[in-house]
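Next comes work32.cif, a file with mmCIF, C-alpha atoms.
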data_structure
loop_
_atom_site.label_atom_id
_atom_site.label_comp_id
_atom_site.auth_asym_id
_atom_site.auth_seq_id
_atom_site.Cartn_x
_atom_site.Cartn_y
_atom_site.Cartn_z
CA MET A 14 -4.76 -6.44 -23.22
CA THR A 15 -2.29 -6.00 -20.38
CA ALA A 16 0.99 -7.95 -20.61
CA LEU A 17 1.86 -10.38 -17.83
CA THR A 18 5.14 -8.64 -17.02
CA ASN A 19 5.86 -5.05 -16.15
CA THR A 20 7.20 -2.51 -18.61
CA TYR A 21 8.76 0.85 -17.91
CA GLN A 22 5.37 2.38 -18.76
CA ARG A 23 3.00 0.29 -16.60
CA TYR A 24 2.62 -2.69 -14.29
CA GLY A 25 1.89 -6.08 -15.83
CA LEU A 26 -1.11 -8.27 -15.04
CA VAL A 27 0.71 -10.31 -12.39
CA ALA A 28 1.82 -7.21 -10.45
CA VAL A 29 -1.66 -5.65 -10.78
CA VAL A 30 -3.41 -8.80 -9.51
CA LEU A 31 -0.96 -9.18 -6.61
CA HIS A 32 -1.34 -5.47 -5.72
CA TRP A 33 -5.15 -5.51 -5.59
CA LEU A 34 -5.32 -8.95 -3.96
CA MET A 35 -2.96 -7.74 -1.24
CA ALA A 36 -4.92 -4.48 -0.87
CA VAL A 37 -8.20 -6.34 -0.28
CA LEU A 38 -6.54 -8.91 1.99
CA LEU A 39 -4.73 -6.31 4.11
CA ILE A 40 -7.80 -4.10 4.51
CA ALA A 41 -9.85 -7.16 5.50
CA LEU A 42 -7.17 -8.24 8.00
CA ILE A 43 -7.06 -4.74 9.50
CA ALA A 44 -10.86 -4.59 9.78
CA LEU A 45 -10.95 -8.06 11.33
CA GLY A 46 -8.12 -7.19 13.74
CA VAL A 47 -9.82 -3.99 14.88
CA TYR A 48 -13.15 -5.80 15.29
CA MET A 49 -11.58 -8.73 17.21
CA SER A 50 -9.68 -6.46 19.57
CA GLY A 51 -12.97 -4.80 20.50
CA LEU A 52 -14.54 -8.11 21.56
CA PRO A 53 -14.40 -8.89 25.29
CA ASP A 54 -11.68 -11.22 26.60
CA VAL A 55 -13.93 -12.95 29.13
CA GLY A 56 -14.37 -16.69 29.23
CA PHE A 57 -14.51 -18.93 26.19
CA ASN A 58 -15.73 -16.83 23.28
CA LYS A 59 -16.12 -19.21 20.33
CA GLN A 60 -16.73 -16.37 17.86
CA LYS A 61 -13.58 -14.49 18.90
CA LEU A 62 -11.46 -17.65 18.77
CA LEU A 63 -12.73 -18.45 15.27
CA LEU A 64 -12.01 -14.89 14.11
CA ILE A 65 -8.49 -15.06 15.59
CA PHE A 66 -7.94 -18.35 13.76
CA TYR A 67 -8.99 -16.79 10.43
CA HIS A 68 -6.96 -13.65 11.11
CA LYS A 69 -3.81 -15.73 11.70
CA GLU A 70 -4.39 -18.01 8.71
CA TYR A 71 -5.00 -15.14 6.30
CA GLY A 72 -2.13 -13.20 7.87
CA ILE A 73 0.19 -16.05 6.89
CA LEU A 74 -1.37 -15.98 3.40
CA ALA A 75 -0.46 -12.26 3.27
CA LEU A 76 3.12 -13.18 4.21
CA VAL A 77 3.30 -15.76 1.40
CA LEU A 78 1.79 -13.31 -1.10
CA VAL A 79 4.15 -10.49 -0.15
CA ALA A 80 7.11 -12.83 -0.63
CA LEU A 81 5.77 -13.67 -4.11
CA ARG A 82 5.11 -10.01 -4.79
CA LEU A 83 8.61 -8.97 -3.77
CA ALA A 84 10.15 -11.73 -5.89
CA TRP A 85 8.05 -10.58 -8.85
CA ARG A 86 9.03 -6.97 -8.28
CA ILE A 87 12.74 -7.79 -8.12
CA GLY A 88 12.52 -9.83 -11.32
CA ASN A 89 10.58 -7.24 -13.34
CA ALA A 90 11.00 -3.72 -14.61
CA LEU A 91 9.71 -0.99 -12.35
CA PRO A 92 7.53 1.51 -14.22
CA ALA A 93 8.90 5.03 -14.22
CA LEU A 94 7.37 7.59 -11.90
CA ALA A 95 5.33 10.37 -13.49
CA GLU A 96 7.45 12.95 -15.26
CA GLY A 97 8.02 16.28 -13.60
CA LEU A 98 7.66 15.06 -10.03
CA PRO A 99 9.68 17.02 -7.50
CA ASP A 100 12.51 15.03 -5.91
CA TRP A 101 10.76 15.02 -2.53
CA GLN A 102 7.73 13.25 -4.07
CA LYS A 103 9.95 10.66 -5.75
CA LEU A 104 11.67 10.05 -2.42
CA ALA A 105 8.32 9.90 -0.60
CA ALA A 106 6.93 7.41 -3.14
CA ARG A 107 9.92 5.08 -2.75
CA PHE A 108 9.83 5.44 1.04
CA VAL A 109 6.13 4.57 1.22
CA HIS A 110 6.58 1.52 -1.04
CA LEU A 111 9.56 0.25 0.96
CA SER A 112 7.65 0.87 4.18
CA PHE A 113 4.73 -1.14 2.79
CA TYR A 114 7.00 -4.10 2.13
CA ALA A 115 8.54 -3.81 5.60
CA LEU A 116 5.10 -3.75 7.24
CA MET A 117 3.70 -6.51 5.03
CA PHE A 118 6.52 -8.73 6.33
CA THR A 119 6.72 -7.60 9.95
CA LEU A 120 2.99 -7.63 10.69
CA PRO A 121 2.44 -11.35 10.00
CA VAL A 122 5.78 -12.24 11.57
CA SER A 123 4.93 -10.25 14.72
CA GLY A 124 1.56 -12.02 14.85
CA TRP A 125 3.26 -15.40 14.45
CA LEU A 126 5.75 -14.49 17.20
CA MET A 127 2.85 -13.34 19.38
CA SER A 128 1.07 -16.68 18.94
CA SER A 129 4.29 -18.56 19.71
CA ALA A 130 4.83 -16.52 22.87
CA ALA A 131 1.22 -17.25 23.90
CA GLY A 132 1.74 -20.98 23.29
CA ILE A 133 -1.02 -20.98 20.67
CA PRO A 134 -0.23 -22.78 17.41
CA VAL A 135 -0.46 -21.12 14.01
CA PHE A 136 -1.99 -23.06 11.14
CA PHE A 137 -1.82 -22.36 7.45
CA PHE A 138 -4.71 -24.09 5.69
CA GLY A 139 -4.41 -27.29 7.67
CA PHE A 140 -0.65 -27.29 8.26
CA ARG A 141 0.68 -26.46 11.70
CA LEU A 142 3.56 -24.01 11.48
CA PRO A 143 6.50 -24.21 13.88
CA ASP A 144 6.75 -21.88 16.84
CA PHE A 145 9.41 -19.19 16.53
CA ILE A 146 9.94 -18.79 20.27
CA ALA A 147 9.05 -20.54 23.51
CA LYS A 148 5.96 -19.58 25.50
CA ASN A 149 6.60 -16.32 27.36
CA GLU A 150 3.75 -14.26 28.82
CA TYR A 151 5.75 -11.05 29.14
CA LEU A 152 6.94 -11.23 25.53
CA PHE A 153 3.39 -12.06 24.44
CA GLN A 154 2.13 -8.80 26.00
CA VAL A 155 4.95 -6.80 24.37
CA LEU A 156 4.23 -8.39 20.98
CA ILE A 157 0.52 -7.53 21.27
CA ASP A 158 1.47 -3.85 21.45
CA ILE A 159 4.03 -4.16 18.64
CA HIS A 160 1.52 -5.92 16.38
CA LYS A 161 -1.16 -3.32 17.16
CA TRP A 162 1.12 -0.33 16.43
CA LEU A 163 2.43 -1.92 13.24
CA GLY A 164 -1.23 -2.28 12.21
CA TYR A 165 -1.84 1.41 12.90
CA ALA A 166 1.24 2.27 10.83
CA LEU A 167 -0.14 0.17 7.98
CA ILE A 168 -3.48 2.01 8.17
CA GLY A 169 -1.60 5.31 7.93
CA LEU A 170 0.40 4.13 4.91
CA ILE A 171 -2.71 2.87 3.14
CA LEU A 172 -4.36 6.27 3.62
CA VAL A 173 -1.27 8.13 2.37
CA HIS A 174 -0.87 5.76 -0.59
CA ALA A 175 -4.53 5.92 -1.62
CA GLY A 176 -4.59 9.69 -1.14
CA ALA A 177 -1.50 10.15 -3.30
CA ALA A 178 -2.90 7.88 -6.03
CA LEU A 179 -6.17 9.83 -6.08
CA ARG A 180 -4.27 13.14 -6.09
CA HIS A 181 -2.23 11.98 -9.09
CA HIS A 182 -5.38 10.88 -10.89
CA PHE A 183 -7.74 13.77 -10.18
CA ILE A 184 -5.49 16.75 -9.52
CA SER A 185 -2.21 16.10 -11.36
CA ARG A 186 -4.05 14.13 -14.05
CA ASP A 187 -1.08 11.88 -14.75
CA ASP A 188 -0.99 8.12 -15.39
CA THR A 189 0.22 7.04 -11.94
CA LEU A 190 -3.04 5.33 -10.94
CA LYS A 191 -3.75 4.01 -14.43
CA LYS A 192 -0.45 2.07 -14.33
CA MET A 193 -1.92 -0.10 -11.57
CA LEU A 194 -5.53 -0.41 -12.72
CA PRO A 195 -6.58 -3.70 -14.31
CA GLY A 196 -7.35 -3.59 -18.02
CA MET A 197 -5.89 -0.14 -18.64
CA ARG A 198 -3.78 0.23 -21.77
CA GLU A 199 -0.53 2.14 -22.06
#

In structure tokens, write the structure found in this file.
Amino acid sequence: MTALTNTYQRYGLVAVVLHWLMAVLLIALIALGVYMSGLPDVGFNKQKLLLIFYHKEYGILALVLVALRLAWRIGNALPALAEGLPDWQKLAARFVHLSFYALMFTLPVSGWLMSSAAGIPVFFFGFRLPDFIAKNEYLFQVLIDIHKWLGYALIGLILVHAGAALRHHFISRDDTLKKMLPGMRE
């Protein structure tokens, strides 16, 4: 059975659950965002408005979860990287993980700012969240582009991260992926 907390050999149950929950949530948010942006912006589109509402609400959930995940990571051991990795791969792994955290914070915040600039409230499961900034159409348009490009950056990081994990598992045959799989023993 996997321990709740991390060890220097593997991630604990809490980190594993948060990792995979965030992975599913972020991929769903990306898919929803791409789908929504392809819908026409003409008239009152009830389906698009409902999808935007869900996208914002679950985006705020992602922000809450990443804050919990970061707090958990700071308070727990970080498993060692696979032995024998070249320094550039160690650096790349740390860079990708730090970039993930940066994007997992900035994407929901940029979306929240975008909604504030549009004058559209953000709700989190029934609670209205405060606006960050006053309504501003120009800033709204700028934030749309920022949010979109941050989303593309997240897609790129997910592909790099998943590709590296699969490379470690199938080519290098080390325990990198196993450290993050549920139910795997040390």

- For the structure shown, which residues end up in the PyMOL selection byres ((chain A and resi 72-80) around 10)? Put them as a PyMOL selection string, please? chain A and resi 31-32+34-36+38-39+42-43+66-71+81-86+113-115+117-122+124-125+135-138+142

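Selection by the PyMOL selection byres ((chain A and resi 96) around 12) on the present file picks out Gln22, Pro92, Ala93, Leu94, Ala95, Gly97, Leu98, Pro99, Asp100, Gln102, Lys103, His181, Ser185, Arg186, Asp187, Asp188 and Thr189 of chain A.
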
- Lys61 of chain A: which residues within 10 Å, counting all atoms listed in the file, same-chain residues fewer than 3 positions away excluded, as a PyMOL selection string? chain A and resi 48-54+57-58+64-67

- A:Ala130, A:Leu91, A:Leu104, A:Leu194 ranked by distance to Leu152 of chain A, top pick (using all atoms listed in the file): A:Ala130

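Closest to Ser123 of chain A among A:Lys148, A:His160, A:Arg107, A:Arg141 is A:His160, based on all atoms listed in the file.
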
- Would you mind telling me which residue in A:Gly169, A:Gly139, A:Gly164, A:Gly25 lies nearest to Leu116 of chain A when using all atoms listed in the file?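 Using all atoms listed in the file, the shortest distance to Leu116 of chain A belongs to A:Gly164.
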
- Item | Selection result of the PyMOL selection byres ((chain A and resi 20) around 12) on this file, as a list in words |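 Applying the PyMOL selection byres ((chain A and resi 20) around 12) to the structure shown produces Thr15, Ala16, Leu17, Thr18, Asn19, Tyr21, Gln22, Arg23, Tyr24, Gly25, Leu26, Val27, Ala28, Arg86, Gly88, Asn89, Ala90, Leu91, Pro92, Ala93, Lys192, Met193, Arg198 and Glu199 of chain A.
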
Quick one: 5 Å padding each side, axis-aligned, all listed atoms of segment 160-176 of chain A - centre and edge lengths in Å to one decimal, as lines of an AutoDock Vina configuration file?
center_x = -1.1
center_y = 1.9
center_z = 7.8
size_x = 17.0
size_y = 25.6
size_z = 28.8

- Kindly give the distance, in Å, that separates atom CA of Gln154 of chain A and atom CA of Ile168 of chain A, rounded to a single decimal. 21.6 Å

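Rounded to one decimal, atom CA of Leu62 of chain A and atom CA of Ile171 of chain A lie 27.2 Å from each other.
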
- Nearest candidate to Val47 of chain A (options A:Leu111, A:His174, A:Arg180, A:Tyr165; using all atoms listed in the file): A:Tyr165

- Item | For atom CA of Ile157 of chain A and atom CA of Val37 of chain A, the interatomic separation in Å (one decimal) |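 Interatomic distance, atom CA of Ile157 of chain A to atom CA of Val37 of chain A: 23.3 Å.
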